[in-house]
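Below you'll find the structure, written out as structure tokens, and then a few comments.
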Amino acid sequence: MNQRSLSMCGVIAPVLFVFITILGGAIRPGYSHLSDTVSELFSPGSPNKLLLDTLYTMYALLLALFGIGVLRFVRRSERSRLIGVIGAWMSIAVGLVSVTTATIFPQDAWGSLPTFAGEMHKILHGAIGLLSILSMSLIGIWFNQAGMFPGFGTHSLITVGVAVLSAGFFAANVGTPILHHLTTRYSSGLPKLGFLPSGVARYDVSNWGKSCWRSTFLSAGCFV
């Protein structure tokens, strides 16, 4: 695949994630976006699980392909640094690990006995969150150091800060149940947004900026 195709994977992936979340909630009786987690849509016995698993696998593979595009972009740059390469590899890992969280290691259904797959789901989601934050931070720092795409590094670091703050609220169990639920979505979902702006790295700076914010607003809808 050429660089533009790989970059477009980073634009398509969040749109697909939004679609999966909306579709899954619509076809699952009693599902609430304010009280239920996204992972519940993929629990064993969930309605239309095969369909949602297939779509989620596509989403995860798009993330991995996007990570490959970022890696190529960093390596071909005259300002290539190890920090950018490490960040790109971490973004690839996020996509590959995400493939397993809905299919091989889904979240246990509420009220069911704990299973090995369900416990692995928690561990892998924690790993995805950590890798996402580290990857976004490293790639953002690389863009700042390289002096490319003004604003992207700052955007990434601000997103990391908000995600960490949200995770802190969740860990402290602060606020109402709805606020508690929203912080779980933002702490796990916001790191994904850090990958999006560089999804249009083949475009000129002005078009890149417009695509960055368009992708960000589209993606934010699946977390609230």
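Letters for chains follow the order of the structure tokens (A, B, ...), residue numbers begin at 1 for each chain, and ligand numbers begin at 1 in the order shown.
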
Taking only C-alpha atoms into account, produce a table as CSV in which each residue of segment 103-147 of chain A with an atom at most 9 Å from an atom of segment 154-160 of chain A appears once, together with its shortest atom pair and the distance in Å to one decimal, ordered by chain and rising number.
residue,atom,partner,partner_atom,distance
A:Ile133,CA,A:Val160,CA,6.0
A:Leu134,CA,A:Val160,CA,8.6
A:Met136,CA,A:Ser156,CA,6.0
A:Ser137,CA,A:Leu157,CA,5.9
A:Ile139,CA,A:Ser156,CA,8.2
A:Gly140,CA,A:Ser156,CA,5.4
A:Ile141,CA,A:Leu157,CA,8.1
A:Asn144,CA,A:Thr154,CA,7.8

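Near Phe42 of chain A, within a cut-off of 7 Å and counting only C-alpha atoms, sit the residues A:Ser46, A:Lys49, A:Asp53, A:Ala102, A:Pro106, with same-chain residues fewer than 4 positions away left out.
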
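Using only C-alpha atoms, the shortest contact distance between Ile68 of chain A and any of A:Ile92, A:Ile27, A:Leu51, A:Leu16 is found at A:Ile92.
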
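Straight-line separation from atom CA of Gly161 of chain A to atom CA of Arg81 of chain A: 23.5 Å.
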